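J.: Here it is, the structure in full.
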Amino acid sequence: MMDRHQIAAVLAEIAAILEIKGENVFKVRAYEGAARIVEGLSNLDELIREGRLTSIKGIGKNLAEHITELYKTGRLREYDELIKSIPKGLLEMLKIPGVGPKKVKVFWEKLGIETIGELEYACRENRLRDLPGFGERSQEKILEGIEYLKRFQGRFLYPYAMATAILIYEGLQKDKKVKRLEIAGSLRRKRETVKDIDIVASTDDPSHVMDLFISLPIVEEVVARGDTKSSILTRSGINADLRCVKDEEFAHALLHFTGSKEHNVAMRARAKKMGFKINEYALIRGEKSIHCKNEEEIFEKLLLPFIPPELREDMGEIEAAEQGRLPKLIEGGEIKGIIHVHTDYSDGSNTIEEMAIAARDMGYSYIGICDHSESAAYAGGLRREDVIRQHEEIDRLNNKLKGIRILKGIELDILPDGSVDYDEGLLQRFEFTIASIHSRFSMDEEEMTRRICKALENRYVDILGHPTGRLLLARDAYKVDMNKVIEVAAQYGKAIELNANPNRLDIDWRLGPLVKKLGVKIAISVDAHEVGGLSDMMYGVGVARKSWYTKEDVLNTLEYPEFLRWIRRRRDG
Ligand code: DGT
Ligand code: CA
Ligand code: ZN
């Protein structure tokens, strides 16, 4: 089974391989086009079920068969063969910013370059400079691109890694010889990106469980096979380690492999002061090994309450636990409203009504629509008349729909000078606003900080959206003094967004302590562009927990009358 995004990725890759191999350009363009089309087909399930794919312009019989095969089986024989027909490294080169199939073809044909490493070497040797269509500058750009790629290599976004971890978990859990099983490591701590998957199991038959692990369908390659630890490379490109221990050791192994390393070091120091040694199998006092039945009991032995995994980063959690100051972390069920939702009025793919009904069915009681404002022309930003039309539609829907209240919001573009779109009369019509930066990322820190703070001073700006603009593993945050921004937000009583999109998770959890100290409210928003994006809320809640936030710290745990009162209190005051 593959969804439309995965299918689109395969089709795009087929196009790239065909182009690198110098196949017919019409065929290449057909696959490229199909990739784009499939990406946008929100009703793909229906089209396949009813055999109507070929009714879509740009999808012929052959492509329709391919898409259906991928959809149903997750595989495509032609694709598997194509992949094998060129060196693997050529496709990896496509990940370098600014390098497409055409360039890869030239490197391969003219210089025999088959890997990123060889390409880097060739750049350093000035061998690209003399290729037709290249020059000193393009050679430099490629080197920069390689540097960039290297920095992010070897880490994965949380949901991508979690999806693989769950497959492994389910594969092992079914087995009767597995007693307890838990996903540990950075995934359990809900880090925004992770290096690998760590799983801990207890069993009396480790050999059997390890055999099962290394023969799971998801295994691409067995890296190491032992009875206490085995490692695999999965088909998604992530490594996974499984540790097997006796059931009486399980809590100790789980605590150890959940980490973080820094938390473990601090815990060990504490244990030592109390006359214990800690390792991954037991608590040790003198010659005696003490086995605890769960993590709670280990903490108890060290005179501490249970420290939630998300907090185990050595950011003061042990001290807080000691003093009974651990926060009661927010939970998904405490979120009452979904905010920052795009619709087909700007760059979203669903209607207001579809988004509202989906949010209601997920148990939320309000939804804040925030399409882009006028300056975001690239994203279909709303002109004045669009805003008015949208507000009329929202009024109509609020009369018609039961169980969900639609709020009139907007995502205002913060312009380079810190101002925002629309005149005061129009701004007043929004029940709340989010303001964010979508252009001119390259300002220096001082200028950028001033730009954002100026927007925060604006009476009609309520929430600062994705405050650093980072795209995890893809684009660095712009330069901005976040301490200053949080201070100014506190001063003007503004909220800051925790954007739950797993590519952003911005504001960063490491700023949690400062946000709390200054009493700035956090709005966990989904920034959804389609119905499916609403479920990103769980990633936002995960990072909110990691930031030490409680229900009280988060604005959209309020029901909508209180939410709106919070906005108005400040605007009117
Ligand atoms: P990652 O994989 O980089 O996303 O982050 P982690 O935290 O999952 O790190 P990983 O996979 O290297 O190790 C898993 C856990 O095992 C780690 O959180 C704590 C424990 N651990 C690993 N190496 C050490 C070590 O040298 N000392 C201590 N105290 N604990 C360690
Ligand atoms: Ca790990
Ligand atoms: Zn945005």
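Here, A, B, ... name the chains of the structure tokens in the order displayed, residue numbers run from 1 inside each chain, and ligands are numbered from 1 in the same displayed order.
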I want to know what sits within 8 Å of region 5-10 of chain A, based on only C-alpha atoms, with residues of the same chain fewer than 5 positions away left out; could you give that as a VMD selection string?

T.: chain A and resid 34 to 36 38 to 39 67 70 to 71 79

J.: Residues within 12 Å of ligand 3 (only C-alpha atoms and all ligand atoms), as a CSV table (one decimal) with N, CA and C atoms, in the first residue's frame?

T.:
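Listing of out13.csv after writing:
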```
chain,number,residue,atom,x,y,z
A,340,HIS,N,-4.9,27.7,12.7
A,340,HIS,CA,-4.0,27.9,11.6
A,340,HIS,C,-4.3,26.8,10.6
A,341,VAL,N,-5.4,27.0,9.9
A,341,VAL,CA,-5.8,26.0,8.9
A,341,VAL,C,-6.0,26.7,7.6
A,342,HIS,N,-5.4,26.2,6.5
A,342,HIS,CA,-5.5,26.8,5.2
A,342,HIS,C,-6.6,26.1,4.4
A,346,SER,N,-6.9,30.0,-0.2
A,346,SER,CA,-5.6,30.3,-0.5
A,346,SER,C,-4.9,29.0,-1.0
A,347,ASP,N,-3.9,28.5,-0.3
A,347,ASP,CA,-3.1,27.3,-0.8
A,347,ASP,C,-3.5,26.0,-0.2
A,348,GLY,N,-4.6,25.9,0.4
A,348,GLY,CA,-5.1,24.6,1.0
A,348,GLY,C,-5.8,23.8,-0.1
A,370,CYS,N,-7.1,30.2,8.8
A,370,CYS,CA,-6.1,31.2,8.6
A,370,CYS,C,-5.5,31.0,7.3
A,371,ASP,N,-6.1,31.6,6.3
A,371,ASP,CA,-5.5,31.5,4.9
A,371,ASP,C,-4.5,32.6,4.9
A,372,HIS,N,-3.7,32.6,3.8
A,372,HIS,CA,-2.7,33.6,3.6
A,372,HIS,C,-3.3,35.0,3.3
A,373,SER,N,-2.6,36.0,3.7
A,373,SER,CA,-3.0,37.4,3.4
A,373,SER,C,-2.5,37.8,2.0
A,376,ALA,N,1.0,37.4,0.1
A,376,ALA,CA,1.5,36.0,-0.2
A,376,ALA,C,0.9,35.6,-1.5
A,379,ALA,N,1.0,32.1,-2.7
A,379,ALA,CA,0.2,31.1,-2.1
A,379,ALA,C,-1.3,31.5,-2.2
A,381,GLY,N,-2.8,34.4,-1.7
A,381,GLY,CA,-3.2,35.3,-0.6
A,381,GLY,C,-4.5,36.0,-0.9
A,410,ILE,N,-6.7,34.7,10.1
A,410,ILE,CA,-5.9,35.0,8.9
A,410,ILE,C,-4.4,34.8,9.2
A,411,GLU,N,-3.6,34.3,8.3
A,411,GLU,CA,-2.2,34.3,8.5
A,411,GLU,C,-1.6,35.5,7.7
A,412,LEU,N,-1.3,36.5,8.5
A,412,LEU,CA,-0.8,37.8,7.9
A,412,LEU,C,0.7,37.6,7.6
A,413,ASP,N,1.1,38.1,6.4
A,413,ASP,CA,2.5,38.1,6.0
A,413,ASP,C,3.2,39.2,6.8
A,414,ILE,N,4.3,39.0,7.4
A,414,ILE,CA,5.0,40.1,8.0
A,414,ILE,C,6.0,40.6,6.9
A,433,THR,N,-5.6,36.7,14.6
A,433,THR,CA,-4.7,36.7,13.5
A,433,THR,C,-3.4,36.0,14.0
A,434,ILE,N,-2.7,35.4,13.0
A,434,ILE,CA,-1.4,34.9,13.2
A,434,ILE,C,-0.5,35.7,12.2
A,435,ALA,N,0.7,36.1,12.6
A,435,ALA,CA,1.5,36.8,11.6
A,435,ALA,C,2.8,36.0,11.5
A,436,SER,N,3.2,35.8,10.3
A,436,SER,CA,4.5,35.1,10.1
A,436,SER,C,5.3,35.6,8.9
A,437,ILE,N,6.5,35.1,8.8
A,437,ILE,CA,7.4,35.6,7.8
A,437,ILE,C,7.5,34.5,6.7
A,438,HIS,N,7.3,34.9,5.4
A,438,HIS,CA,7.4,34.0,4.3
A,438,HIS,C,8.4,34.5,3.2
A,439,SER,N,9.1,35.6,3.5
A,439,SER,CA,9.9,36.2,2.4
A,439,SER,C,11.1,36.9,3.1
A,463,ILE,N,-0.9,36.3,17.3
A,463,ILE,CA,0.0,35.2,17.5
A,463,ILE,C,1.2,35.3,16.5
A,464,LEU,N,2.4,35.0,16.9
A,464,LEU,CA,3.5,35.0,16.0
A,464,LEU,C,3.6,33.6,15.5
A,465,GLY,N,3.5,33.4,14.1
A,465,GLY,CA,3.6,32.1,13.5
A,465,GLY,C,5.0,31.6,13.3
A,466,HIS,N,5.2,30.3,13.3
A,466,HIS,CA,6.5,29.7,13.1
A,466,HIS,C,7.6,30.6,13.2
A,467,PRO,N,8.0,31.0,14.4
A,467,PRO,CA,8.9,32.1,14.7
A,467,PRO,C,10.3,32.1,14.1
A,468,THR,N,10.8,31.0,13.8
A,468,THR,CA,12.2,31.0,13.2
A,468,THR,C,12.2,30.6,11.8
A,469,GLY,N,11.1,30.1,11.2
A,469,GLY,CA,11.1,29.7,9.8
A,469,GLY,C,11.8,28.5,9.4
A,470,ARG,N,12.3,27.8,10.4
A,470,ARG,CA,13.2,26.6,10.1
A,470,ARG,C,12.3,25.5,9.4
A,471,LEU,N,13.0,24.8,8.5
A,471,LEU,CA,12.4,23.5,8.0
A,471,LEU,C,13.4,22.4,8.4
A,497,GLU,N,3.3,30.8,18.3
A,497,GLU,CA,2.9,29.5,17.8
A,497,GLU,C,3.9,28.4,18.1
A,498,LEU,N,3.4,27.3,18.4
A,498,LEU,CA,4.2,26.1,18.2
A,498,LEU,C,3.6,25.3,17.1
A,499,ASN,N,4.2,25.5,15.9
A,499,ASN,CA,3.7,24.9,14.7
A,499,ASN,C,3.9,23.4,14.7
A,500,ALA,N,2.8,22.7,14.6
A,500,ALA,CA,2.9,21.2,14.8
A,500,ALA,C,3.3,20.5,13.6
A,501,ASN,N,3.4,21.2,12.5
A,501,ASN,CA,3.9,20.5,11.3
A,501,ASN,C,5.2,19.8,11.6
A,504,ARG,N,8.4,21.5,10.9
A,504,ARG,CA,8.8,22.8,11.6
A,504,ARG,C,9.0,22.6,13.1
A,506,ASP,N,8.2,24.5,15.5
A,506,ASP,CA,8.8,25.8,15.7
A,506,ASP,C,7.8,26.7,16.4
A,525,SER,N,-0.5,25.0,16.8
A,525,SER,CA,-1.3,25.1,15.6
A,525,SER,C,-0.8,24.0,14.6
A,526,VAL,N,-1.8,23.7,13.7
A,526,VAL,CA,-1.4,22.6,12.8
A,526,VAL,C,-0.9,23.1,11.5
A,527,ASP,N,-1.2,24.3,11.1
A,527,ASP,CA,-0.7,24.8,9.8
A,527,ASP,C,-1.1,23.8,8.7
A,528,ALA,N,-2.4,23.3,8.8
A,528,ALA,CA,-2.8,22.3,7.8
A,528,ALA,C,-3.2,22.8,6.5
A,529,HIS,N,-2.8,22.2,5.4
A,529,HIS,CA,-3.2,22.6,4.1
A,529,HIS,C,-4.2,21.5,3.5
```

J.: Set the distance at 9 Å and use only C-alpha atoms: which residues neighbour region 138-148 of chain A once local chain neighbours fewer than 5 positions away are removed? I'd like the list as JSON, numbers by chain.

T.: {"A": [93, 95, 96, 97, 98, 99, 116, 117, 119, 120, 123, 124, 126, 127, 128, 129, 153, 474]}

J.: Would you output that residue set with N, CA, C and O atoms, as a PDB file, in the first residue's frame?

T.:
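Listed below is the output, out14.pdb:
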```pdb
ATOM      1  N   MET A  93      22.840  11.902  -5.556  1.00  0.00           N
ATOM      2  CA  MET A  93      23.293  13.229  -5.982  1.00  0.00           C
ATOM      3  C   MET A  93      22.144  14.198  -6.189  1.00  0.00           C
ATOM      4  O   MET A  93      22.297  15.401  -6.048  1.00  0.00           O
ATOM      5  N   LYS A  95      19.842  14.769  -4.361  1.00  0.00           N
ATOM      6  CA  LYS A  95      19.473  15.445  -3.117  1.00  0.00           C
ATOM      7  C   LYS A  95      20.271  16.733  -2.906  1.00  0.00           C
ATOM      8  O   LYS A  95      19.943  17.536  -2.046  1.00  0.00           O
ATOM      9  N   ILE A  96      21.333  16.910  -3.683  1.00  0.00           N
ATOM     10  CA  ILE A  96      22.129  18.135  -3.533  1.00  0.00           C
ATOM     11  C   ILE A  96      21.320  19.299  -4.102  1.00  0.00           C
ATOM     12  O   ILE A  96      20.868  19.232  -5.242  1.00  0.00           O
ATOM     13  N   PRO A  97      21.123  20.348  -3.302  1.00  0.00           N
ATOM     14  CA  PRO A  97      20.355  21.483  -3.811  1.00  0.00           C
ATOM     15  C   PRO A  97      20.969  21.992  -5.116  1.00  0.00           C
ATOM     16  O   PRO A  97      22.186  22.151  -5.206  1.00  0.00           O
ATOM     17  N   GLY A  98      20.121  22.206  -6.108  1.00  0.00           N
ATOM     18  CA  GLY A  98      20.600  22.742  -7.379  1.00  0.00           C
ATOM     19  C   GLY A  98      21.125  21.698  -8.345  1.00  0.00           C
ATOM     20  O   GLY A  98      21.593  22.034  -9.427  1.00  0.00           O
ATOM     21  N   VAL A  99      21.070  20.434  -7.968  1.00  0.00           N
ATOM     22  CA  VAL A  99      21.515  19.385  -8.882  1.00  0.00           C
ATOM     23  C   VAL A  99      20.316  18.552  -9.329  1.00  0.00           C
ATOM     24  O   VAL A  99      19.630  17.960  -8.505  1.00  0.00           O
ATOM     25  N   ILE A 116      28.392  11.006  -4.497  1.00  0.00           N
ATOM     26  CA  ILE A 116      28.533  12.381  -4.010  1.00  0.00           C
ATOM     27  C   ILE A 116      29.997  12.657  -3.637  1.00  0.00           C
ATOM     28  O   ILE A 116      30.526  13.725  -3.920  1.00  0.00           O
ATOM     29  N   GLY A 117      30.635  11.661  -3.048  1.00  0.00           N
ATOM     30  CA  GLY A 117      32.034  11.818  -2.667  1.00  0.00           C
ATOM     31  C   GLY A 117      32.918  12.132  -3.875  1.00  0.00           C
ATOM     32  O   GLY A 117      33.774  13.018  -3.832  1.00  0.00           O
ATOM     33  N   LEU A 119      31.935  13.441  -6.639  1.00  0.00           N
ATOM     34  CA  LEU A 119      31.562  14.759  -7.152  1.00  0.00           C
ATOM     35  C   LEU A 119      32.266  15.856  -6.348  1.00  0.00           C
ATOM     36  O   LEU A 119      32.789  16.824  -6.904  1.00  0.00           O
ATOM     37  N   GLU A 120      32.297  15.678  -5.043  1.00  0.00           N
ATOM     38  CA  GLU A 120      32.957  16.651  -4.181  1.00  0.00           C
ATOM     39  C   GLU A 120      34.438  16.768  -4.555  1.00  0.00           C
ATOM     40  O   GLU A 120      34.984  17.865  -4.703  1.00  0.00           O
ATOM     41  N   CYS A 123      34.950  18.623  -7.776  1.00  0.00           N
ATOM     42  CA  CYS A 123      34.806  20.074  -7.598  1.00  0.00           C
ATOM     43  C   CYS A 123      36.103  20.650  -7.047  1.00  0.00           C
ATOM     44  O   CYS A 123      36.581  21.677  -7.510  1.00  0.00           O
ATOM     45  N   ARG A 124      36.641  19.976  -6.052  1.00  0.00           N
ATOM     46  CA  ARG A 124      37.870  20.479  -5.427  1.00  0.00           C
ATOM     47  C   ARG A 124      39.045  20.471  -6.416  1.00  0.00           C
ATOM     48  O   ARG A 124      39.967  21.265  -6.307  1.00  0.00           O
ATOM     49  N   ASN A 126      38.655  21.173  -9.449  1.00  0.00           N
ATOM     50  CA  ASN A 126      38.261  22.083 -10.543  1.00  0.00           C
ATOM     51  C   ASN A 126      37.920  21.379 -11.846  1.00  0.00           C
ATOM     52  O   ASN A 126      38.139  21.917 -12.925  1.00  0.00           O
ATOM     53  N   ARG A 127      37.412  20.182 -11.735  1.00  0.00           N
ATOM     54  CA  ARG A 127      37.126  19.459 -12.976  1.00  0.00           C
ATOM     55  C   ARG A 127      35.772  19.836 -13.576  1.00  0.00           C
ATOM     56  O   ARG A 127      35.517  19.564 -14.739  1.00  0.00           O
ATOM     57  N   LEU A 128      34.905  20.443 -12.772  1.00  0.00           N
ATOM     58  CA  LEU A 128      33.594  20.826 -13.305  1.00  0.00           C
ATOM     59  C   LEU A 128      33.662  22.117 -14.113  1.00  0.00           C
ATOM     60  O   LEU A 128      32.866  22.353 -15.005  1.00  0.00           O
ATOM     61  N   ARG A 129      34.630  22.948 -13.723  1.00  0.00           N
ATOM     62  CA  ARG A 129      34.749  24.286 -14.284  1.00  0.00           C
ATOM     63  C   ARG A 129      34.790  24.258 -15.801  1.00  0.00           C
ATOM     64  O   ARG A 129      34.247  25.141 -16.464  1.00  0.00           O
ATOM     65  N   GLN A 153      22.794  14.953   7.099  1.00  0.00           N
ATOM     66  CA  GLN A 153      22.788  13.536   6.767  1.00  0.00           C
ATOM     67  C   GLN A 153      22.613  12.671   8.008  1.00  0.00           C
ATOM     68  O   GLN A 153      23.107  12.992   9.078  1.00  0.00           O
ATOM     69  N   ALA A 474      16.153  20.631   6.407  1.00  0.00           N
ATOM     70  CA  ALA A 474      16.104  21.190   5.063  1.00  0.00           C
ATOM     71  C   ALA A 474      16.524  22.658   4.994  1.00  0.00           C
ATOM     72  O   ALA A 474      17.241  23.050   4.091  1.00  0.00           O
TER      73      ALA A 474
END
```

J.: May I have the residues within 7 Å of ligand 1, computed using only C-alpha atoms and all ligand atoms, as a ChimeraX atom specification?

T.: /A:185-187,193-198,256-262,264-265

J.: Could you tell me which of A:Arg450, A:Lys84, A:Arg29, A:Arg155 comes closest to ligand 2 if we count only C-alpha atoms and all ligand atoms?

T.: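 Using only C-alpha atoms and all ligand atoms, ligand 2 sits closest to A:Arg155.
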
J.: Using only C-alpha atoms, pick whichever of A:Asp572, A:Glu65, A:Glu331, A:Asp476 has the shortest atom-to-atom distance to Leu149 (chain A).

T.: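 Distance minimum relative to Leu149 (chain A) lands on A:Asp476.
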
J.: Let me make sure I understand: among A:Ser85, A:Thr228, A:Thr234, A:Asn239, which one has the smallest atom-to-atom distance to ligand 2 if we use only C-alpha atoms and all ligand atoms?

T.: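 Of A:Ser85, A:Thr228, A:Thr234, A:Asn239, the one nearest ligand 2 is A:Asn239, counting only C-alpha atoms and all ligand atoms.
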
J.: Just the residues within 10 Å of region 54-56 of chain A, please, counting only C-alpha atoms, with nothing from its chain fewer than 5 positions along; format it as a count of residues only.

T.: 11

J.: For Met210 (chain A), which residue out of A:Arg459, A:Val223, A:Pro309, A:Arg243 is the nearest one, using only C-alpha atoms?

T.: A:Arg243

J.: Pick the closest to ligand 2 from A:Leu304, A:Ala377, A:Leu90, A:Leu242: which is it, counting only C-alpha atoms and all ligand atoms?

T.: A:Leu242

J.: For Asp314 (chain A), which residue out of A:Arg510, A:Leu456, A:Ala251, A:Lys190 is the nearest one, using only C-alpha atoms?

T.: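 Of the candidates, the smallest distance to Asp314 (chain A) is held by A:Arg510.
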
J.: Could you check how far CA of Ser236 (chain A) sits from CA of Leu18 (chain A), in Å to one decimal?

T.: 22.8 Å

J.: For Ile357 (chain A), work out the shell of residues within 10 Å, counting only C-alpha atoms and skipping chain neighbours fewer than 4 positions away, then give it as a PyMOL selection string.

T.: chain A and resi 352-353+361-364+367+401-404+531

J.: Could you work out how far CA of Trp548 (chain A) lies from CA of Ile166 (chain A), giving the answer in Å with one decimal?

T.: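 That distance, rounded to one decimal, is 25.5 Å.
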
J.: Interatomic distance between CA of Val178 (chain A) and CA of Thr203 (chain A)?

T.: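 According to the coordinates, CA of Val178 (chain A) and CA of Thr203 (chain A) are separated by 5.2 Å.
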
J.: Pick out the residues sitting within 7 Å of Leu407 (chain A), and hand them over as a ChimeraX atom specification; count only C-alpha atoms, and ignore anything fewer than 5 positions along from it in its own chain.

T.: /A:367-369,431
